[in-house]
$ cat run-v2.txt   # compact mmCIF, C-alpha atoms and all ligand atoms
# COMPACT_ATOMS: atom_id res chain seq x y z
CA MET A 1 0.12 22.70 79.58
CA LEU A 2 -2.87 24.79 80.69
CA LYS A 3 -4.97 24.16 83.81
CA THR A 4 -8.02 23.84 81.55
CA ASP A 5 -6.40 21.29 79.19
CA ARG A 6 -8.10 17.95 78.74
CA ILE A 7 -5.42 15.48 79.85
CA TYR A 8 -5.62 11.76 79.07
CA VAL A 9 -3.63 9.55 81.46
CA ALA A 10 -3.18 6.06 80.01
CA GLY A 11 -2.66 3.52 82.80
CA HIS A 12 -4.25 5.59 85.58
CA ARG A 13 -4.79 2.58 87.85
CA GLY A 14 -1.13 1.58 87.87
CA MET A 15 1.46 2.81 90.36
CA VAL A 16 2.82 5.43 87.93
CA GLY A 17 -0.48 6.55 86.38
CA SER A 18 -2.18 6.94 89.75
CA ALA A 19 0.73 9.02 91.08
CA ILE A 20 0.49 11.28 88.00
CA CYS A 21 -3.28 11.68 88.48
CA ARG A 22 -2.76 12.62 92.15
CA ALA A 23 -0.15 15.21 91.14
CA LEU A 24 -2.35 16.65 88.36
CA ILE A 25 -5.33 17.06 90.68
CA ARG A 26 -3.14 18.56 93.41
CA GLU A 27 -1.75 21.12 90.94
CA GLY A 28 -5.23 22.12 89.77
CA PHE A 29 -5.47 20.21 86.47
CA SER A 30 -9.02 19.02 86.95
CA ASN A 31 -9.90 17.93 83.40
CA VAL A 32 -8.31 14.48 83.56
CA VAL A 33 -9.62 11.74 81.26
CA THR A 34 -9.13 8.07 82.15
CA ARG A 35 -10.34 4.66 80.96
CA THR A 36 -10.08 1.34 82.75
CA HIS A 37 -8.68 -1.68 80.90
CA ARG A 38 -12.22 -3.02 80.56
CA GLU A 39 -13.46 0.25 79.02
CA LEU A 40 -10.55 0.60 76.58
CA ASP A 41 -8.20 -2.17 75.44
CA LEU A 42 -4.95 -0.42 74.51
CA LEU A 43 -3.90 -3.47 72.47
CA ASP A 44 -6.78 -2.74 70.06
CA PRO A 45 -5.77 -0.06 67.52
CA LYS A 46 -9.34 0.61 66.35
CA ALA A 47 -10.65 1.10 69.90
CA VAL A 48 -7.77 3.44 70.73
CA ARG A 49 -8.34 5.48 67.54
CA GLU A 50 -12.05 5.83 68.32
CA PHE A 51 -11.30 6.85 71.90
CA TYR A 52 -9.01 9.72 70.83
CA GLU A 53 -11.44 10.85 68.10
CA THR A 54 -14.33 10.97 70.59
CA GLU A 55 -12.51 12.41 73.61
CA LYS A 56 -10.17 14.79 71.78
CA PRO A 57 -7.65 15.29 74.62
CA ASP A 58 -5.24 18.24 74.42
CA VAL A 59 -2.49 16.28 76.17
CA ALA A 60 -1.78 12.54 76.56
CA ILE A 61 0.47 10.94 79.18
CA ILE A 62 1.34 7.32 78.37
CA ALA A 63 1.93 5.52 81.66
CA ALA A 64 0.26 2.25 80.64
CA ALA A 65 2.51 -0.78 80.29
CA ARG A 66 2.94 -4.41 81.22
CA VAL A 67 5.64 -4.16 83.89
CA GLY A 68 7.41 -6.56 86.19
CA GLY A 69 10.68 -7.37 87.88
CA ILE A 70 13.55 -9.44 86.62
CA GLY A 71 11.62 -12.71 87.15
CA ALA A 72 8.55 -11.65 85.15
CA ASN A 73 10.62 -10.09 82.34
CA SER A 74 13.05 -12.95 81.85
CA ALA A 75 10.24 -15.54 81.85
CA ALA A 76 8.13 -13.71 79.25
CA ASN A 77 10.21 -11.49 76.97
CA ALA A 78 7.82 -12.20 74.05
CA LEU A 79 4.76 -11.02 75.99
CA PHE A 80 6.57 -7.94 77.33
CA LEU A 81 7.69 -7.04 73.79
CA TYR A 82 4.29 -7.65 72.15
CA GLU A 83 2.04 -5.91 74.67
CA ASN A 84 4.30 -2.93 75.30
CA GLU A 85 4.97 -2.46 71.60
CA MET A 86 1.23 -2.51 70.83
CA ILE A 87 0.42 -0.12 73.69
CA ALA A 88 3.15 2.30 72.59
CA MET A 89 2.28 2.20 68.88
CA ASN A 90 -1.47 2.47 69.41
CA THR A 91 -1.47 5.21 72.03
CA VAL A 92 1.15 7.40 70.35
CA TRP A 93 0.19 6.94 66.69
CA ALA A 94 -3.57 7.37 67.25
CA ALA A 95 -2.88 10.50 69.34
CA ALA A 96 -0.99 12.03 66.41
CA GLU A 97 -3.73 11.06 63.96
CA ALA A 98 -6.40 12.61 66.20
CA GLY A 99 -4.44 15.88 66.53
CA VAL A 100 -3.33 15.59 70.17
CA LYS A 101 -0.89 18.48 70.45
CA ARG A 102 1.27 17.29 73.33
CA LEU A 103 2.25 13.82 74.49
CA LEU A 104 4.57 12.49 77.19
CA PHE A 105 5.73 8.89 76.79
CA LEU A 106 7.16 6.99 79.78
CA GLY A 107 9.79 4.29 79.43
CA SER A 108 12.50 2.92 81.67
CA THR A 109 16.28 3.15 81.99
CA CYS A 110 16.45 -0.53 80.96
CA ILE A 111 16.36 0.85 77.36
CA TYR A 112 20.10 1.52 77.71
CA PRO A 113 22.82 -1.03 76.88
CA ARG A 114 23.78 -3.55 79.55
CA MET A 115 27.35 -2.21 79.66
CA ALA A 116 26.50 1.48 79.19
CA PRO A 117 28.86 4.05 80.76
CA GLN A 118 27.80 4.99 84.31
CA PRO A 119 26.02 7.20 85.16
CA ILE A 120 24.12 6.50 81.93
CA PRO A 121 23.63 9.57 79.70
CA GLU A 122 20.71 9.79 77.25
CA SER A 123 23.32 9.57 74.44
CA ALA A 124 24.06 5.92 75.38
CA LEU A 125 20.83 4.84 73.66
CA LEU A 126 21.42 2.17 70.97
CA THR A 127 25.20 2.17 71.32
CA SER A 128 25.56 -1.54 72.24
CA GLU A 129 23.69 -4.70 73.28
CA LEU A 130 20.76 -4.69 75.69
CA GLU A 131 20.45 -6.65 78.93
CA LYS A 132 18.94 -10.05 77.97
CA THR A 133 16.62 -10.41 81.00
CA ASN A 134 14.47 -7.46 79.85
CA GLU A 135 15.27 -7.18 76.15
CA GLY A 136 11.61 -7.44 75.06
CA TYR A 137 10.44 -4.65 77.36
CA ALA A 138 13.42 -2.47 76.41
CA LEU A 139 12.85 -2.90 72.65
CA ALA A 140 9.18 -1.91 72.98
CA LYS A 141 10.06 1.21 74.99
CA ILE A 142 12.77 2.16 72.48
CA SER A 143 10.16 1.90 69.67
CA GLY A 144 7.80 4.13 71.64
CA LEU A 145 10.32 6.86 72.31
CA LYS A 146 11.53 6.72 68.70
CA LEU A 147 7.96 7.05 67.42
CA CYS A 148 7.59 10.21 69.52
CA GLU A 149 10.91 11.56 68.23
CA PHE A 150 9.97 10.83 64.58
CA LEU A 151 6.51 12.39 64.93
CA ARG A 152 8.07 15.49 66.41
CA ARG A 153 10.55 15.72 63.54
CA ASP A 154 8.09 14.74 60.75
CA ARG A 155 4.99 16.60 61.91
CA GLY A 156 6.20 19.18 64.44
CA LEU A 157 4.21 17.59 67.30
CA CYS A 158 5.56 18.18 70.81
CA TYR A 159 5.86 14.47 71.70
CA HIS A 160 8.66 13.63 74.12
CA SER A 161 9.77 10.97 76.60
CA LEU A 162 11.01 10.43 80.14
CA MET A 163 13.07 7.40 81.16
CA PRO A 164 12.68 6.80 84.90
CA THR A 165 15.02 4.62 86.92
CA ASN A 166 13.62 1.75 89.10
CA LEU A 167 10.46 3.07 90.74
CA TYR A 168 8.57 2.25 93.94
CA GLY A 169 5.58 3.70 95.76
CA PRO A 170 1.97 3.22 96.82
CA GLY A 171 0.00 0.72 94.73
CA ASP A 172 3.14 -1.24 93.78
CA ASN A 173 2.98 -4.94 92.90
CA TYR A 174 4.04 -7.07 95.90
CA ASP A 175 4.10 -10.41 94.09
CA THR A 176 7.30 -12.17 95.20
CA VAL A 177 7.80 -13.92 91.84
CA ASN A 178 6.87 -11.18 89.36
CA GLY A 179 7.40 -7.96 91.32
CA HIS A 180 10.37 -5.59 91.36
CA VAL A 181 13.01 -5.99 94.01
CA LEU A 182 12.01 -3.21 96.43
CA PRO A 183 8.32 -4.11 97.01
CA THR A 184 9.22 -7.81 96.94
CA MET A 185 11.78 -7.32 99.72
CA ILE A 186 9.26 -5.38 101.82
CA ARG A 187 6.78 -8.23 101.54
CA LYS A 188 9.41 -10.89 102.22
CA PHE A 189 10.79 -9.13 105.34
CA GLU A 190 7.33 -8.25 106.66
CA THR A 191 6.10 -11.82 106.16
CA ALA A 192 9.21 -13.24 107.87
CA ARG A 193 8.78 -10.83 110.80
CA MET A 194 5.10 -11.73 111.27
CA ASN A 195 5.75 -15.50 110.95
CA GLY A 196 8.95 -15.42 113.05
CA ASP A 197 10.90 -17.09 110.19
CA ALA A 198 14.65 -17.68 110.66
CA THR A 199 15.70 -16.76 107.10
CA VAL A 200 14.57 -14.54 104.20
CA PRO A 201 15.46 -15.87 100.72
CA LEU A 202 16.65 -13.19 98.28
CA TRP A 203 17.81 -13.50 94.68
CA GLY A 204 21.22 -13.36 93.06
CA SER A 205 24.47 -12.25 94.71
CA GLY A 206 23.38 -8.95 96.27
CA SER A 207 26.19 -7.16 94.44
CA PRO A 208 24.29 -5.44 91.55
CA LEU A 209 23.92 -1.70 91.90
CA ARG A 210 20.59 0.03 91.40
CA GLU A 211 19.02 3.47 91.79
CA PHE A 212 15.49 3.88 93.15
CA LEU A 213 13.05 6.76 92.77
CA HIS A 214 9.78 7.30 94.63
CA VAL A 215 6.89 7.45 92.16
CA ASP A 216 5.72 10.82 93.57
CA ASP A 217 9.09 12.26 92.46
CA LEU A 218 8.52 10.80 88.99
CA ALA A 219 5.05 12.41 88.91
CA SER A 220 6.62 15.79 89.71
CA ALA A 221 9.15 15.21 86.89
CA CYS A 222 6.29 14.49 84.47
CA LEU A 223 4.52 17.76 85.31
CA PHE A 224 7.84 19.56 85.08
CA ALA A 225 8.61 18.09 81.62
CA LEU A 226 5.12 19.03 80.43
CA SER A 227 5.65 22.61 81.62
CA LEU A 228 8.64 23.08 79.29
CA ASP A 229 7.98 24.87 76.00
CA ASN A 230 10.69 23.03 74.12
CA PRO A 231 11.55 19.86 76.09
CA PRO A 232 14.39 17.55 75.04
CA ASP A 233 13.15 14.45 73.13
CA LEU A 234 14.40 12.19 75.89
CA MET A 235 15.29 12.83 79.53
CA ASN A 236 16.38 10.49 82.31
CA VAL A 237 14.71 10.76 85.71
CA GLY A 238 16.47 9.37 88.75
CA SER A 239 17.36 10.05 92.35
CA GLY A 240 21.14 9.98 91.81
CA GLU A 241 21.42 7.66 94.87
CA GLU A 242 23.07 4.37 93.97
CA VAL A 243 22.90 1.38 96.33
CA SER A 244 23.84 -2.28 96.17
CA ILE A 245 21.01 -4.82 96.38
CA ARG A 246 22.67 -6.05 99.60
CA HIS A 247 22.51 -2.53 101.11
CA LEU A 248 18.88 -2.19 100.00
CA ALA A 249 18.08 -5.49 101.75
CA GLU A 250 19.75 -4.36 104.98
CA THR A 251 17.91 -1.01 104.90
CA ILE A 252 14.52 -2.67 104.35
CA LYS A 253 15.26 -5.32 106.98
CA SER A 254 15.95 -2.63 109.55
CA ALA A 255 12.94 -0.48 108.49
CA THR A 256 10.60 -3.46 108.96
CA GLY A 257 12.19 -4.53 112.26
CA CYS A 258 12.74 -8.05 110.91
CA THR A 259 15.52 -10.05 112.64
CA ALA A 260 15.74 -13.03 110.21
CA GLU A 261 19.00 -13.88 108.42
CA ILE A 262 19.25 -13.12 104.69
CA SER A 263 20.08 -16.05 102.38
CA TRP A 264 21.17 -15.27 98.79
CA ASP A 265 19.95 -17.67 96.07
CA SER A 266 22.65 -17.67 93.38
CA SER A 267 20.47 -19.71 91.01
CA LYS A 268 18.41 -16.53 90.46
CA PRO A 269 19.60 -13.85 87.99
CA ASP A 270 21.46 -10.67 88.97
CA GLY A 271 20.49 -8.87 85.77
CA THR A 272 22.41 -5.82 84.64
CA PRO A 273 25.41 -5.20 86.98
CA ARG A 274 24.88 -1.45 87.38
CA LYS A 275 22.08 0.95 86.38
CA LEU A 276 22.56 4.54 87.55
CA CYS A 277 21.20 7.17 85.22
CA ASP A 278 22.77 10.52 84.47
CA THR A 279 20.14 13.10 85.40
CA SER A 280 22.21 16.19 84.68
CA LEU A 281 19.95 17.16 81.75
CA ILE A 282 16.66 17.34 83.69
CA ARG A 283 18.46 18.85 86.73
CA SER A 284 20.03 21.54 84.53
CA LEU A 285 16.51 22.55 83.48
CA GLY A 286 15.38 22.89 87.10
CA TRP A 287 13.88 19.60 88.37
CA ARG A 288 15.05 17.90 91.61
CA PRO A 289 13.86 14.75 93.44
CA GLU A 290 12.60 15.35 96.98
CA ILE A 291 12.25 11.93 98.62
CA SER A 292 15.44 10.19 99.80
CA LEU A 293 15.57 6.39 99.60
CA GLU A 294 15.68 6.08 103.38
CA ALA A 295 12.61 8.32 103.86
CA GLY A 296 10.87 6.62 100.92
CA ILE A 297 11.36 3.16 102.43
CA VAL A 298 9.87 4.30 105.75
CA ARG A 299 6.86 5.65 103.81
CA ILE A 300 6.45 2.52 101.72
CA VAL A 301 6.61 0.16 104.71
CA ALA A 302 3.77 2.20 106.25
CA ASP A 303 1.87 2.09 102.91
CA TYR A 304 2.36 -1.69 102.72
CA ARG A 305 1.04 -2.21 106.28
CA ARG A 306 -1.97 0.01 105.55
CA GLU A 307 -2.73 -1.72 102.22
CA LEU A 308 -2.39 -5.12 103.92
CA LYS A 309 -4.87 -4.09 106.65
CA GLU A 310 -7.31 -2.69 104.07
CA GLY A 311 -6.96 -5.81 101.89
CA THR A 312 -5.89 -3.75 98.88
CA ILE A 313 -2.40 -5.24 98.34
CA ARG A 314 -1.76 -5.87 94.64
CA LEU A 315 -0.22 -9.27 93.87
O1 LIG A 401 13.86 -4.91 90.39
P1 LIG A 401 14.35 -6.10 89.70
O2 LIG A 401 13.40 -7.27 89.66
O3 LIG A 401 14.73 -5.80 88.21
O4 LIG A 401 15.70 -6.69 90.38
P2 LIG A 401 15.92 -5.07 87.41
C1 LIG A 401 16.82 -5.94 90.72
C2 LIG A 401 17.89 -6.79 91.39
O5 LIG A 401 17.41 -7.26 92.66
C3 LIG A 401 18.43 -8.03 90.65
C4 LIG A 401 17.83 -8.58 92.87
O6 LIG A 401 19.84 -8.03 90.76
C5 LIG A 401 17.87 -9.19 91.47
O7 LIG A 401 18.68 -10.34 91.44
N1 LIG A 401 16.91 -9.25 93.81
C6 LIG A 401 17.24 -9.75 95.03
C7 LIG A 401 15.60 -9.47 93.62
N2 LIG A 401 16.20 -10.32 95.61
C8 LIG A 401 15.15 -10.16 94.76
C9 LIG A 401 13.77 -10.54 94.84
O8 LIG A 401 13.30 -11.15 95.79
N3 LIG A 401 13.00 -10.18 93.77
C10 LIG A 401 13.48 -9.49 92.69
N4 LIG A 401 12.65 -9.15 91.70
N5 LIG A 401 14.80 -9.15 92.60
C11 LIG A 401 13.90 -4.50 85.92
C12 LIG A 401 13.54 -4.90 84.52
O9 LIG A 401 15.21 -4.88 86.05
O10 LIG A 401 13.85 -3.12 86.16
C13 LIG A 401 12.35 -4.18 83.99
O11 LIG A 401 13.41 -6.31 84.43
C14 LIG A 401 12.31 -2.71 84.37
O12 LIG A 401 12.31 -4.31 82.62
C15 LIG A 401 12.68 -2.47 85.81
O13 LIG A 401 13.14 -1.95 83.54
C16 LIG A 401 12.78 -1.01 86.15
O14 LIG A 401 16.30 -3.75 88.01
O15 LIG A 401 17.04 -6.02 87.21

$ encode --input "run-v2.txt" --output "structure tokens" --more "lines below"
Ligand code: GFB
Amino acid sequence: MLKTDRIYVAGHRGMVGSAICRALIREGFSNVVTRTHRELDLLDPKAVREFYETEKPDVAIIAAARVGGIGANSAANALFLYENEMIAMNTVWAAAEAGVKRLLFLGSTCIYPRMAPQPIPESALLTSELEKTNEGYALAKISGLKLCEFLRRDRGLCYHSLMPTNLYGPGDNYDTVNGHVLPTMIRKFETARMNGDATVPLWGSGSPLREFLHVDDLASACLFALSLDNPPDLMNVGSGEEVSIRHLAETIKSATGCTAEISWDSSKPDGTPRKLCDTSLIRSLGWRPEISLEAGIVRIVADYRRELKEGTIRL
């Protein structure tokens, strides 16, 4: 990727897209093309085709998606499948038709089977059944990465994918029903601290294991992947740090200074029991994460407090 390349970032207002834009600008890629949802509906194939034909980007980074935590996914698998499938098909196919030479597609490690070997290697894809709570989202992301792989094989286009583990960072969604676990816990503990509540209700058993990556580390992985002349079709991106949900809760509780007791609601789903990705492929090529979970949580608590003060919290 050249500094002068015209780079389209789909989803630039989201947590991931905005982190990628910050990283691009910081690294001197100043020709970044973006469109808001109102300016370009990615569910509309004709609009997306016209956009690529008019703008003619050299590179496209597909960070647009309908995302949510276990609550949002399990309540609306149909919507997560439909919208993410349409976004993936429209943005990738129209890019190929318009002659975009390079494309990076972003998915999620929930594409891997529920009972995949741990840490999960890229080769675990499509080897057994998916986790039911996010099957719609996973199927759409699998279609997207496969479309990139097929276009690369059929037409020689350098289209490739990254599968990040659970992400967090500035601009996250703090909705306590639809959000992911990490931002939701920050909001719950901060609210309990400010209100002087005696308990903080959390979901499930606390025993599932997860891996978390700061979105700025993902952005650096995206630029790294785009710098490779012959990148693998699919690479995992993770921190390599695995924690239980219970440990995550205790860490966030202490970072916020909240003294309330935690109560676990077993009527809420645990989801997949363990989700640690094998990052040996991307590490062997030279990429490393830089932000530890502990340091990242301190940063994100400060971000949350600032966003709350500025009235910019996303719910
Ligand atoms: O981040 P999360 O919503 O989604 O939840 P997944 C992770 C774990 O945190 C589950 C527990 O075991 C939850 O039971 N948990 C505890 C909570 N308290 C809470 C809470 O207050 N809110 C939430 N949300 N969880 C998502 C997928 O899976 O991961 C998406 O649904 C996507 O498709 C994303 O792939 C990265 O890690 O289970």

$ closest_residue --input "run-v2.txt" --among "A:Trp287, A:Phe51, A:Tyr304, A:Tyr137" --to "Thr184 in chain A" --atoms "all atoms listed in the file"
A:Tyr304

$ atom_distance --input "run-v2.txt" --atom1 "CA of Lys46 in chain A" --atom2 "CA of Arg66 in chain A"
19.9 Å

$ atom_distance --input "run-v2.txt" --atom1 "CA of Ala63 in chain A" --atom2 "CA of Glu294 in chain A"
25.7 Å

$ residues_near_point --input "run-v2.txt" --point "(17.1, 7.5, 71.3)" --cutoff "7 Å" --atoms "only C-alpha atoms" --output "PDB file with C-alpha atoms, keeping the file's coordinate frame"
ATOM      1  CA  LEU A 125      20.830   4.840  73.660  1.00  0.00           C
ATOM      2  CA  LEU A 126      21.420   2.170  70.970  1.00  0.00           C
ATOM      3  CA  ILE A 142      12.770   2.160  72.480  1.00  0.00           C
ATOM      4  CA  LEU A 145      10.320   6.860  72.310  1.00  0.00           C
ATOM      5  CA  LYS A 146      11.530   6.720  68.700  1.00  0.00           C
TER       6      LYS A 146
END

$ atom_distance --input "run-v2.txt" --atom1 "CA of Thr4 in chain A" --atom2 "CA of Arg152 in chain A"
23.6 Å

$ closest_atom_pairs --input "run-v2.txt" --of "range 170-224 of chain A" --to "range 27-33 of chain A" --cutoff "12 Å" --atoms "all atoms listed in the file" --output "JSON lines"
{"residue": "A:Ala219", "atom": "CA", "partner": "A:Glu27", "partner_atom": "CA", "distance": 11.2}
{"residue": "A:Ser220", "atom": "CA", "partner": "A:Glu27", "partner_atom": "CA", "distance": 10.0}
{"residue": "A:Leu223", "atom": "CA", "partner": "A:Glu27", "partner_atom": "CA", "distance": 9.1}
{"residue": "A:Phe224", "atom": "CA", "partner": "A:Glu27", "partner_atom": "CA", "distance": 11.3}

$ closest_residue --input "run-v2.txt" --among "A:Leu157, A:Ala95, A:Ala72, A:Leu103" --to "ligand LIG 401 (chain A)" --atoms "all atoms listed in the file"
A:Ala72

$ residues_near_ligand --input "run-v2.txt" --ligand "ligand LIG 401 (chain A)" --cutoff "6 Å" --atoms "all atoms listed in the file" --output "list in words"
Gly68, Gly69, Ile70, Gly71, Asn73, Ser108, Cys110, Asn134, Tyr137, Asn166, Gly179, His180, Val181, Thr184, Met185, Leu202, Trp203, Gly204, Pro208, Ile245, Pro269, Asp270, Gly271 and Thr272 of chain A

$ residues_around --input "run-v2.txt" --residues "range 261-266 of chain A" --least-positions-apart "2" --cutoff "7 Å" --atoms "only C-alpha atoms" --output "list in words"
Ala198, Thr199, Val200, Pro201, Leu202, Trp203, Gly204, Ser205, Thr259 and Lys268 of chain A

$ closest_residue --input "run-v2.txt" --among "A:Pro231, A:Gly17, A:Pro45, A:Gly311" --to "Ile87 in chain A" --atoms "all atoms listed in the file"
A:Pro45

$ closest_residue --input "run-v2.txt" --among "A:Leu81, A:Val237, A:Ala138, A:Leu315" --to "Asn173 in chain A" --atoms "only C-alpha atoms"
A:Leu315

$ closest_residue --input "run-v2.txt" --among "A:Asp216, A:Glu190, A:Asp233, A:Pro273" --to "Ala302 in chain A" --atoms "all atoms listed in the file"
A:Glu190

$ residues_around --input "run-v2.txt" --residues "Met1 in chain A" --least-positions-apart "2" --cutoff "9 Å" --atoms "only C-alpha atoms" --output "PyMOL selection string"
chain A and resi 3-5+58-59+102+223+226-229

$ residues_around --input "run-v2.txt" --residues "Arg38 in chain A" --least-positions-apart "3" --cutoff "12 Å" --atoms "all atoms listed in the file" --output "list in words"
Gly11, Arg13, Thr34, Arg35, Asp41, Leu42, Leu43, Asp44 and Ala47 of chain A
